[in-house]
Amino acid sequence: MKIGITGGGSAGHVAPALAVAARLPEQGAKELVFFGRSDSIEHEYAKKSGIPFRPVPSAGLKRYSSWSNLLMPITVLRGIGAAVRAMRRERPDALFSKGSYVSVPVGIAAWLCRVPIVVHESDHSLGLANKIVARMATRVCLSVAAPAGTPRWLARKSTVTGLPLRHDLATGEPERLRKRLGIPAGKPVLLIFCGSSGSQRVNDAVQSQLESLCARFAVVHVRGKGNLDPSRQDVPGYWQLEYLHDEMADALWLADLVIGRAGATTLAELEALGKRAVLIPLPATVSRGDQLDNAATYARRHPGQCIVVHDDERLYDGASLAKACMELAGSPSRSTREGPDPKVIHRASDLIAQETVAAARRGRNRQAR
């Protein structure tokens with residue numbers, strides 16, 4: 001049995017997709033293949049995971065005025081053609097789609113080639129790409145129960161599985177990263193990350209308050225590719241990195257406090273490890289506003305463990321960010337060095353893998369008849 005996987009654009013889509021991929025062999029999948037953009041984050045992660053990769057052009061809709069929106073339909077059409085050709089070559093028995101614009105041409109191609117599709121949605125409501133692909137899907141897996149007013153066609157094919165967490169989150173080794181970076185014991189560790197590309201606004205805010213933050217914390221700052229600042233390379237108590245891949249689980253275990261965005265995957269990982277967090281949700285001007293809802297809900301659920309700092313003019317000098325860090329540093333932590341139960345970490349991935357393999361088997365049976 002061969003299972004196709006698609007989704008990308010950010011680690012928040014790719015990490016859960018690979019978490020499901022890691023559990024598929026236990027459910028009977030003998031081969032995996034990843035469909036995504038060439039030279040992308042999904043390409044890089046799939047390669048590191050040893051999953052064969054097939055490139056498919058794709059483009060997303062910018063939520064602001066951009067000339068690229070005019071070219072987007074042409075790119076999507078090219079992507080559908082490339083994906084159909086790849087589907088016919090690879091002949092997967094089912095496709096697991098984790099969403100984002102990367103998944104749209106691949107999902108349409110799977111539907112045209114009569115390949116069963118299983119979709120997963122991380123947020124409380126379907127994103128644009130998942131709204132498109134879910135129409136063609138056999139099954140839609142949800143992180144949380146569908147809200148009231150969900151269309152009947154969607155409710156009929158939906159099931160609640162939870163959100164798949166990175167498969168190595170259960171086995172993080174914080175001291176391994178401490179030793180590699182040379183972080184001394186004694187100070188709490190502040191981990192800052194805003195996705196694989198980083199955030200220049202957050203990076204600037206941190207730099208404005210770097211002296212006060214380093215006085216209180218050992219600061220591990222994941223700045224994003226190409227965003228390292230050579231002038232800050234030798235600041236005592238400050239470690240800057242472009243990105244973390246295999247060591248991300250170690251970093252999350254090591255952290256006493258995290259500054260990050262409010263994507264559903266990030267929040268699920270923080271919750272599983274009981275980490276205190278300063279959340280900086282993406283503003284509605286550059287997103288559909290899901291992170292604003294995520295952050296508000298998470299903060300209500302974890303009072304005293306989470307503070308939301310909005311990405312607006314109040315962020316620019318970093319004062320509100322530093323104040324939130326100092327406030328949370330004095331609150332008791334829920335995290336433990338033993339970490340979460342591996343069964344809890346893998347539960348959602350196992351359920352989604354089961355749904356995907358079941359869809360593949362039903363598809364085979366239909367073809368046999």
# chains A, B, ... in the order shown; residues from 1 in each chain; ligands from 1
>>> select_by_dssp(residues="range 22-218 of chain A", states="strand (DSSP E or B)", output="PyMOL selection string")
chain A and resi 31-36+53-55+94-97+117-121+139-142+158-160+189-193+218
>>> write_last_selection(atoms="N, CA, C and O atoms", output="short mmCIF file (atom, residue, chain, number, x, y, z; two decimals), in the first residue's frame")
data_model
loop_
_atom_site.label_atom_id
_atom_site.label_comp_id
_atom_site.auth_asym_id
_atom_site.auth_seq_id
_atom_site.Cartn_x
_atom_site.Cartn_y
_atom_site.Cartn_z
N GLU A 31 4.70 2.08 1.46
CA GLU A 31 5.43 3.14 0.77
C GLU A 31 4.77 4.50 1.03
O GLU A 31 3.54 4.57 1.17
N LEU A 32 5.58 5.53 1.08
CA LEU A 32 5.10 6.90 1.23
C LEU A 32 5.69 7.76 0.13
O LEU A 32 6.80 7.51 -0.34
N VAL A 33 4.97 8.80 -0.25
CA VAL A 33 5.49 9.77 -1.21
C VAL A 33 4.90 11.13 -0.86
O VAL A 33 3.71 11.24 -0.54
N PHE A 34 5.73 12.16 -0.88
CA PHE A 34 5.31 13.51 -0.50
C PHE A 34 5.20 14.38 -1.74
O PHE A 34 6.12 14.44 -2.55
N PHE A 35 4.07 15.07 -1.88
CA PHE A 35 3.86 16.01 -2.98
C PHE A 35 3.90 17.44 -2.44
O PHE A 35 3.15 17.77 -1.51
N GLY A 36 4.76 18.28 -3.00
CA GLY A 36 4.86 19.66 -2.53
C GLY A 36 5.72 20.49 -3.45
O GLY A 36 6.10 20.06 -4.54
N PHE A 53 10.10 12.55 -2.67
CA PHE A 53 9.41 13.82 -2.87
C PHE A 53 9.15 14.05 -4.35
O PHE A 53 10.02 13.81 -5.18
N ARG A 54 7.92 14.53 -4.66
CA ARG A 54 7.57 14.86 -6.03
C ARG A 54 7.14 16.32 -6.10
O ARG A 54 6.18 16.73 -5.44
N PRO A 55 7.85 17.15 -6.88
CA PRO A 55 7.55 18.58 -6.90
C PRO A 55 6.28 18.92 -7.68
O PRO A 55 6.01 18.33 -8.73
N ALA A 94 -4.11 6.28 -1.41
CA ALA A 94 -4.85 7.36 -0.74
C ALA A 94 -3.92 8.54 -0.59
O ALA A 94 -2.69 8.40 -0.68
N LEU A 95 -4.51 9.72 -0.35
CA LEU A 95 -3.74 10.93 -0.12
C LEU A 95 -4.13 11.52 1.23
O LEU A 95 -5.32 11.72 1.51
N PHE A 96 -3.12 11.80 2.07
CA PHE A 96 -3.37 12.55 3.30
C PHE A 96 -2.96 13.98 3.07
O PHE A 96 -1.81 14.27 2.70
N SER A 97 -3.89 14.92 3.27
CA SER A 97 -3.65 16.33 3.02
C SER A 97 -3.70 17.12 4.32
O SER A 97 -4.72 17.11 5.01
N ILE A 117 -9.12 10.83 -0.53
CA ILE A 117 -8.42 11.91 0.16
C ILE A 117 -8.89 11.99 1.61
O ILE A 117 -10.10 11.96 1.88
N VAL A 118 -7.94 12.10 2.53
CA VAL A 118 -8.23 12.36 3.94
C VAL A 118 -7.58 13.69 4.29
O VAL A 118 -6.38 13.88 4.08
N VAL A 119 -8.38 14.62 4.80
CA VAL A 119 -7.93 15.97 5.12
C VAL A 119 -7.85 16.13 6.63
O VAL A 119 -8.67 15.55 7.36
N HIS A 120 -6.89 16.91 7.10
CA HIS A 120 -6.88 17.29 8.51
C HIS A 120 -6.87 18.80 8.65
O HIS A 120 -6.12 19.49 7.95
N GLU A 121 -7.71 19.32 9.55
CA GLU A 121 -7.77 20.75 9.86
C GLU A 121 -7.33 20.98 11.30
O GLU A 121 -7.85 20.36 12.22
N ARG A 139 -12.79 11.74 3.89
CA ARG A 139 -12.86 11.94 5.33
C ARG A 139 -12.18 13.25 5.69
O ARG A 139 -11.15 13.61 5.11
N VAL A 140 -12.77 13.96 6.67
CA VAL A 140 -12.18 15.20 7.18
C VAL A 140 -11.94 15.02 8.67
O VAL A 140 -12.88 14.83 9.44
N CYS A 141 -10.68 15.06 9.07
CA CYS A 141 -10.30 14.90 10.47
C CYS A 141 -10.16 16.28 11.10
O CYS A 141 -9.51 17.17 10.53
N LEU A 142 -10.75 16.45 12.25
CA LEU A 142 -10.77 17.74 12.93
C LEU A 142 -10.02 17.68 14.25
O LEU A 142 -10.03 16.65 14.93
N SER A 158 -16.94 14.12 8.71
CA SER A 158 -15.97 14.59 9.70
C SER A 158 -15.86 13.65 10.89
O SER A 158 -16.82 12.98 11.26
N THR A 159 -14.68 13.64 11.48
CA THR A 159 -14.44 12.93 12.74
C THR A 159 -13.40 13.71 13.53
O THR A 159 -12.51 14.35 12.95
N VAL A 160 -13.52 13.71 14.84
CA VAL A 160 -12.58 14.43 15.70
C VAL A 160 -11.43 13.51 16.09
O VAL A 160 -11.65 12.47 16.72
N VAL A 189 15.60 29.23 30.77
CA VAL A 189 15.83 29.33 29.32
C VAL A 189 14.60 29.93 28.65
O VAL A 189 13.47 29.44 28.84
N LEU A 190 14.81 30.98 27.87
CA LEU A 190 13.77 31.61 27.06
C LEU A 190 13.99 31.20 25.62
O LEU A 190 15.02 31.52 25.02
N LEU A 191 13.02 30.49 25.05
CA LEU A 191 13.08 30.07 23.65
C LEU A 191 12.16 30.98 22.83
O LEU A 191 10.99 31.15 23.16
N ILE A 192 12.70 31.54 21.75
CA ILE A 192 11.94 32.43 20.87
C ILE A 192 11.92 31.82 19.48
O ILE A 192 12.98 31.58 18.89
N PHE A 193 10.74 31.54 18.96
CA PHE A 193 10.65 31.06 17.58
C PHE A 193 9.31 31.47 16.98
O PHE A 193 8.28 31.43 17.65
N ALA A 218 18.63 32.77 29.89
CA ALA A 218 19.48 32.29 28.80
C ALA A 218 18.58 32.28 27.57
O ALA A 218 17.60 31.53 27.52
#
>>> residues_around(residues="Asp290 in chain A", least_positions_apart="4", cutoff="12 Å", atoms="only C-alpha atoms", output="NGL selection string")
:A and (122-128 or 261-264 or 281-286 or 294-297)
>>> write_last_selection(atoms="N, CA and C atoms", output="mmCIF file, in the first residue's frame")
data_model
loop_
_atom_site.group_PDB
_atom_site.id
_atom_site.type_symbol
_atom_site.label_atom_id
_atom_site.label_comp_id
_atom_site.auth_asym_id
_atom_site.auth_seq_id
_atom_site.Cartn_x
_atom_site.Cartn_y
_atom_site.Cartn_z
ATOM 1 N N SER A 122 -6.364 21.890 11.470
ATOM 2 C CA SER A 122 -5.829 22.170 12.804
ATOM 3 C C SER A 122 -6.691 23.141 13.600
ATOM 4 N N ASP A 123 -7.294 24.117 12.913
ATOM 5 C CA ASP A 123 -7.969 25.211 13.597
ATOM 6 C C ASP A 123 -9.445 24.920 13.838
ATOM 7 N N HIS A 124 -10.130 25.888 14.445
ATOM 8 C CA HIS A 124 -11.543 25.724 14.786
ATOM 9 C C HIS A 124 -12.442 25.736 13.553
ATOM 10 N N SER A 125 -11.962 26.325 12.470
ATOM 11 C CA SER A 125 -12.728 26.341 11.217
ATOM 12 C C SER A 125 -11.786 26.035 10.063
ATOM 13 N N LEU A 126 -12.339 25.529 8.969
ATOM 14 C CA LEU A 126 -11.514 25.150 7.820
ATOM 15 C C LEU A 126 -10.863 26.370 7.199
ATOM 16 N N GLY A 127 -9.569 26.242 6.891
ATOM 17 C CA GLY A 127 -8.887 27.257 6.109
ATOM 18 C C GLY A 127 -9.337 27.178 4.658
ATOM 19 N N LEU A 128 -8.954 28.174 3.860
ATOM 20 C CA LEU A 128 -9.413 28.254 2.476
ATOM 21 C C LEU A 128 -9.041 27.002 1.685
ATOM 22 N N ARG A 261 4.435 32.413 17.909
ATOM 23 C CA ARG A 261 3.153 32.694 17.274
ATOM 24 C C ARG A 261 2.073 31.826 17.925
ATOM 25 N N ALA A 262 0.867 31.921 17.385
ATOM 26 C CA ALA A 262 -0.252 31.197 17.987
ATOM 27 C C ALA A 262 -0.912 30.252 16.989
ATOM 28 N N GLY A 263 -0.067 29.614 16.161
ATOM 29 C CA GLY A 263 -0.596 28.570 15.300
ATOM 30 C C GLY A 263 -1.073 27.387 16.134
ATOM 31 N N ALA A 264 -2.036 26.653 15.625
ATOM 32 C CA ALA A 264 -2.620 25.554 16.392
ATOM 33 C C ALA A 264 -1.579 24.505 16.768
ATOM 34 N N PRO A 281 0.195 36.518 18.171
ATOM 35 C CA PRO A 281 -0.546 35.990 17.026
ATOM 36 C C PRO A 281 -0.360 36.850 15.773
ATOM 37 N N LEU A 282 -0.359 36.186 14.632
ATOM 38 C CA LEU A 282 -0.336 36.913 13.358
ATOM 39 C C LEU A 282 -1.554 37.832 13.285
ATOM 40 N N PRO A 283 -1.372 39.079 12.857
ATOM 41 C CA PRO A 283 -2.523 39.983 12.755
ATOM 42 C C PRO A 283 -3.427 39.621 11.583
ATOM 43 N N ALA A 284 -4.663 40.094 11.644
ATOM 44 C CA ALA A 284 -5.644 39.781 10.603
ATOM 45 C C ALA A 284 -5.276 40.398 9.259
ATOM 46 N N THR A 285 -4.376 41.377 9.245
ATOM 47 C CA THR A 285 -3.970 42.000 7.981
ATOM 48 C C THR A 285 -3.174 41.062 7.091
ATOM 49 N N VAL A 286 -2.556 40.027 7.676
ATOM 50 C CA VAL A 286 -1.748 39.093 6.880
ATOM 51 C C VAL A 286 -2.215 37.652 7.042
ATOM 52 N N ASN A 294 -7.071 31.685 18.282
ATOM 53 C CA ASN A 294 -6.314 30.646 18.987
ATOM 54 C C ASN A 294 -5.688 31.185 20.268
ATOM 55 N N ALA A 295 -5.040 32.355 20.146
ATOM 56 C CA ALA A 295 -4.328 32.923 21.286
ATOM 57 C C ALA A 295 -5.287 33.296 22.412
ATOM 58 N N ALA A 296 -6.418 33.918 22.055
ATOM 59 C CA ALA A 296 -7.383 34.324 23.078
ATOM 60 C C ALA A 296 -7.946 33.109 23.809
ATOM 61 N N THR A 297 -8.269 32.058 23.060
ATOM 62 C CA THR A 297 -8.807 30.840 23.666
ATOM 63 C C THR A 297 -7.778 30.174 24.575
#
>>> residues_around(residues="Ser100 in chain A", least_positions_apart="2", cutoff="7 Å", atoms="only C-alpha atoms", output="list in words")
Gly7, Gly8, Gly9, Val102, Ser103 and Ala129 of chain A
>>> select_by_dssp(residues="range 47-236 of chain A", states="helix (DSSP H, G or I)", output="MDAnalysis selection string")
chainID A and resid 47:48 68:90 103:112 128:134 152:157 169:171 174:181 200:208 210:216 230:232
>>> residues_around(residues="range 233-243 of chain A", least_positions_apart="2", cutoff="9 Å", atoms="only C-alpha atoms", output="ChimeraX atom specification")
/A:181,183-184,193,195-198,210-211,214-215,217-231,245,248
>>> residues_around(residues="Gln209 in chain A", least_positions_apart="3", cutoff="10 Å", atoms="only C-alpha atoms", output="PyMOL selection string")
chain A and resi 204-206+212-214+317-323
>>> closest_residue(among="A:Gly162, A:Ser208, A:Pro188, A:Val14", to="Tyr316 in chain A", atoms="only C-alpha atoms")
A:Ser208
>>> residues_around(residues="Arg362 in chain A", least_positions_apart="5", cutoff="9 Å", atoms="only C-alpha atoms", output="ChimeraX atom specification")
/A:116,357,367
>>> closest_residue(among="A:Ala170, A:Ala59, A:Met87, A:Leu328", to="Ile5 in chain A", atoms="only C-alpha atoms")
A:Met87
>>> atom_distance(atom1="CA of Pro105 in chain A", atom2="CA of Lys131 in chain A")
13.2 Å
>>> closest_residue(among="A:Ile132, A:His167, A:Leu18, A:Ile3", to="Glu90 in chain A", atoms="only C-alpha atoms")
A:Ile3
>>> decode(residues="range 151-177 of chain A", atoms="N, CA, C and O atoms", output="PDB file, in the first residue's frame")
ATOM      1  N   PRO A 151     -21.978  22.850   7.810  1.00  0.00           N
ATOM      2  CA  PRO A 151     -22.800  22.282   6.728  1.00  0.00           C
ATOM      3  C   PRO A 151     -22.944  20.767   6.853  1.00  0.00           C
ATOM      4  O   PRO A 151     -22.022  20.078   7.311  1.00  0.00           O
ATOM      5  N   ARG A 152     -24.116  20.264   6.442  1.00  0.00           N
ATOM      6  CA  ARG A 152     -24.387  18.841   6.609  1.00  0.00           C
ATOM      7  C   ARG A 152     -23.391  17.962   5.840  1.00  0.00           C
ATOM      8  O   ARG A 152     -22.978  16.900   6.324  1.00  0.00           O
ATOM      9  N   TRP A 153     -22.987  18.405   4.655  1.00  0.00           N
ATOM     10  CA  TRP A 153     -22.051  17.602   3.858  1.00  0.00           C
ATOM     11  C   TRP A 153     -20.722  17.430   4.582  1.00  0.00           C
ATOM     12  O   TRP A 153     -20.092  16.373   4.494  1.00  0.00           O
ATOM     13  N   LEU A 154     -20.306  18.465   5.334  1.00  0.00           N
ATOM     14  CA  LEU A 154     -19.046  18.396   6.071  1.00  0.00           C
ATOM     15  C   LEU A 154     -19.198  17.570   7.344  1.00  0.00           C
ATOM     16  O   LEU A 154     -18.337  16.750   7.680  1.00  0.00           O
ATOM     17  N   ALA A 155     -20.302  17.762   8.055  1.00  0.00           N
ATOM     18  CA  ALA A 155     -20.537  17.017   9.290  1.00  0.00           C
ATOM     19  C   ALA A 155     -20.562  15.509   9.024  1.00  0.00           C
ATOM     20  O   ALA A 155     -20.077  14.712   9.839  1.00  0.00           O
ATOM     21  N   ARG A 156     -21.138  15.108   7.874  1.00  0.00           N
ATOM     22  CA  ARG A 156     -21.270  13.668   7.553  1.00  0.00           C
ATOM     23  C   ARG A 156     -19.913  12.990   7.389  1.00  0.00           C
ATOM     24  O   ARG A 156     -19.772  11.810   7.703  1.00  0.00           O
ATOM     25  N   LYS A 157     -18.930  13.719   6.875  1.00  0.00           N
ATOM     26  CA  LYS A 157     -17.641  13.080   6.601  1.00  0.00           C
ATOM     27  C   LYS A 157     -16.559  13.450   7.624  1.00  0.00           C
ATOM     28  O   LYS A 157     -15.402  13.112   7.447  1.00  0.00           O
ATOM     29  N   SER A 158     -16.940  14.123   8.708  1.00  0.00           N
ATOM     30  CA  SER A 158     -15.968  14.593   9.697  1.00  0.00           C
ATOM     31  C   SER A 158     -15.857  13.653  10.888  1.00  0.00           C
ATOM     32  O   SER A 158     -16.816  12.985  11.262  1.00  0.00           O
ATOM     33  N   THR A 159     -14.677  13.640  11.485  1.00  0.00           N
ATOM     34  CA  THR A 159     -14.435  12.930  12.739  1.00  0.00           C
ATOM     35  C   THR A 159     -13.404  13.715  13.535  1.00  0.00           C
ATOM     36  O   THR A 159     -12.512  14.345  12.953  1.00  0.00           O
ATOM     37  N   VAL A 160     -13.520  13.707  14.844  1.00  0.00           N
ATOM     38  CA  VAL A 160     -12.584  14.434  15.700  1.00  0.00           C
ATOM     39  C   VAL A 160     -11.433  13.506  16.089  1.00  0.00           C
ATOM     40  O   VAL A 160     -11.645  12.470  16.716  1.00  0.00           O
ATOM     41  N   THR A 161     -10.226  13.888  15.694  1.00  0.00           N
ATOM     42  CA  THR A 161      -9.037  13.073  15.988  1.00  0.00           C
ATOM     43  C   THR A 161      -8.058  13.782  16.925  1.00  0.00           C
ATOM     44  O   THR A 161      -7.169  13.141  17.486  1.00  0.00           O
ATOM     45  N   GLY A 162      -8.193  15.093  17.077  1.00  0.00           N
ATOM     46  CA  GLY A 162      -7.158  15.865  17.747  1.00  0.00           C
ATOM     47  C   GLY A 162      -6.104  16.300  16.748  1.00  0.00           C
ATOM     48  O   GLY A 162      -6.185  16.010  15.552  1.00  0.00           O
ATOM     49  N   LEU A 163      -5.120  17.017  17.235  1.00  0.00           N
ATOM     50  CA  LEU A 163      -4.082  17.561  16.365  1.00  0.00           C
ATOM     51  C   LEU A 163      -2.809  16.729  16.474  1.00  0.00           C
ATOM     52  O   LEU A 163      -2.300  16.515  17.578  1.00  0.00           O
ATOM     53  N   PRO A 164      -2.277  16.249  15.350  1.00  0.00           N
ATOM     54  CA  PRO A 164      -1.058  15.428  15.410  1.00  0.00           C
ATOM     55  C   PRO A 164       0.153  16.255  15.829  1.00  0.00           C
ATOM     56  O   PRO A 164       0.426  17.314  15.266  1.00  0.00           O
ATOM     57  N   LEU A 165       0.881  15.772  16.823  1.00  0.00           N
ATOM     58  CA  LEU A 165       2.075  16.439  17.322  1.00  0.00           C
ATOM     59  C   LEU A 165       3.318  15.788  16.747  1.00  0.00           C
ATOM     60  O   LEU A 165       3.308  14.589  16.426  1.00  0.00           O
ATOM     61  N   ARG A 166       4.379  16.563  16.617  1.00  0.00           N
ATOM     62  CA  ARG A 166       5.632  16.007  16.082  1.00  0.00           C
ATOM     63  C   ARG A 166       5.978  14.726  16.838  1.00  0.00           C
ATOM     64  O   ARG A 166       5.909  14.670  18.073  1.00  0.00           O
ATOM     65  N   HIS A 167       6.359  13.694  16.079  1.00  0.00           N
ATOM     66  CA  HIS A 167       6.481  12.362  16.666  1.00  0.00           C
ATOM     67  C   HIS A 167       7.622  12.262  17.673  1.00  0.00           C
ATOM     68  O   HIS A 167       7.616  11.381  18.541  1.00  0.00           O
ATOM     69  N   ASP A 168       8.617  13.181  17.615  1.00  0.00           N
ATOM     70  CA  ASP A 168       9.732  13.113  18.549  1.00  0.00           C
ATOM     71  C   ASP A 168       9.501  13.951  19.806  1.00  0.00           C
ATOM     72  O   ASP A 168      10.389  14.041  20.659  1.00  0.00           O
ATOM     73  N   LEU A 169       8.313  14.536  19.932  1.00  0.00           N
ATOM     74  CA  LEU A 169       8.047  15.390  21.090  1.00  0.00           C
ATOM     75  C   LEU A 169       8.052  14.587  22.389  1.00  0.00           C
ATOM     76  O   LEU A 169       8.322  15.125  23.459  1.00  0.00           O
ATOM     77  N   ALA A 170       7.757  13.309  22.301  1.00  0.00           N
ATOM     78  CA  ALA A 170       7.713  12.465  23.502  1.00  0.00           C
ATOM     79  C   ALA A 170       9.099  12.071  23.989  1.00  0.00           C
ATOM     80  O   ALA A 170       9.249  11.573  25.104  1.00  0.00           O
ATOM     81  N   THR A 171      10.119  12.303  23.169  1.00  0.00           N
ATOM     82  CA  THR A 171      11.457  11.794  23.521  1.00  0.00           C
ATOM     83  C   THR A 171      12.518  12.894  23.472  1.00  0.00           C
ATOM     84  O   THR A 171      13.671  12.638  23.126  1.00  0.00           O
ATOM     85  N   GLY A 172      12.111  14.133  23.771  1.00  0.00           N
ATOM     86  CA  GLY A 172      13.073  15.234  23.758  1.00  0.00           C
ATOM     87  C   GLY A 172      14.193  15.023  24.772  1.00  0.00           C
ATOM     88  O   GLY A 172      13.981  14.452  25.842  1.00  0.00           O
ATOM     89  N   GLU A 173      15.390  15.486  24.411  1.00  0.00           N
ATOM     90  CA  GLU A 173      16.554  15.387  25.295  1.00  0.00           C
ATOM     91  C   GLU A 173      17.118  16.788  25.494  1.00  0.00           C
ATOM     92  O   GLU A 173      18.017  17.220  24.772  1.00  0.00           O
ATOM     93  N   PRO A 174      16.596  17.538  26.473  1.00  0.00           N
ATOM     94  CA  PRO A 174      17.001  18.934  26.630  1.00  0.00           C
ATOM     95  C   PRO A 174      18.486  19.126  26.910  1.00  0.00           C
ATOM     96  O   PRO A 174      19.093  20.087  26.429  1.00  0.00           O
ATOM     97  N   GLU A 175      19.090  18.217  27.665  1.00  0.00           N
ATOM     98  CA  GLU A 175      20.500  18.391  28.004  1.00  0.00           C
ATOM     99  C   GLU A 175      21.401  18.227  26.786  1.00  0.00           C
ATOM    100  O   GLU A 175      22.520  18.741  26.761  1.00  0.00           O
ATOM    101  N   ARG A 176      20.920  17.501  25.773  1.00  0.00           N
ATOM    102  CA  ARG A 176      21.698  17.363  24.542  1.00  0.00           C
ATOM    103  C   ARG A 176      21.869  18.725  23.863  1.00  0.00           C
ATOM    104  O   ARG A 176      22.965  19.082  23.423  1.00  0.00           O
ATOM    105  N   LEU A 177      20.781  19.514  23.802  1.00  0.00           N
ATOM    106  CA  LEU A 177      20.867  20.839  23.191  1.00  0.00           C
ATOM    107  C   LEU A 177      21.643  21.801  24.092  1.00  0.00           C
ATOM    108  O   LEU A 177      22.412  22.631  23.602  1.00  0.00           O
TER     109      LEU A 177
END
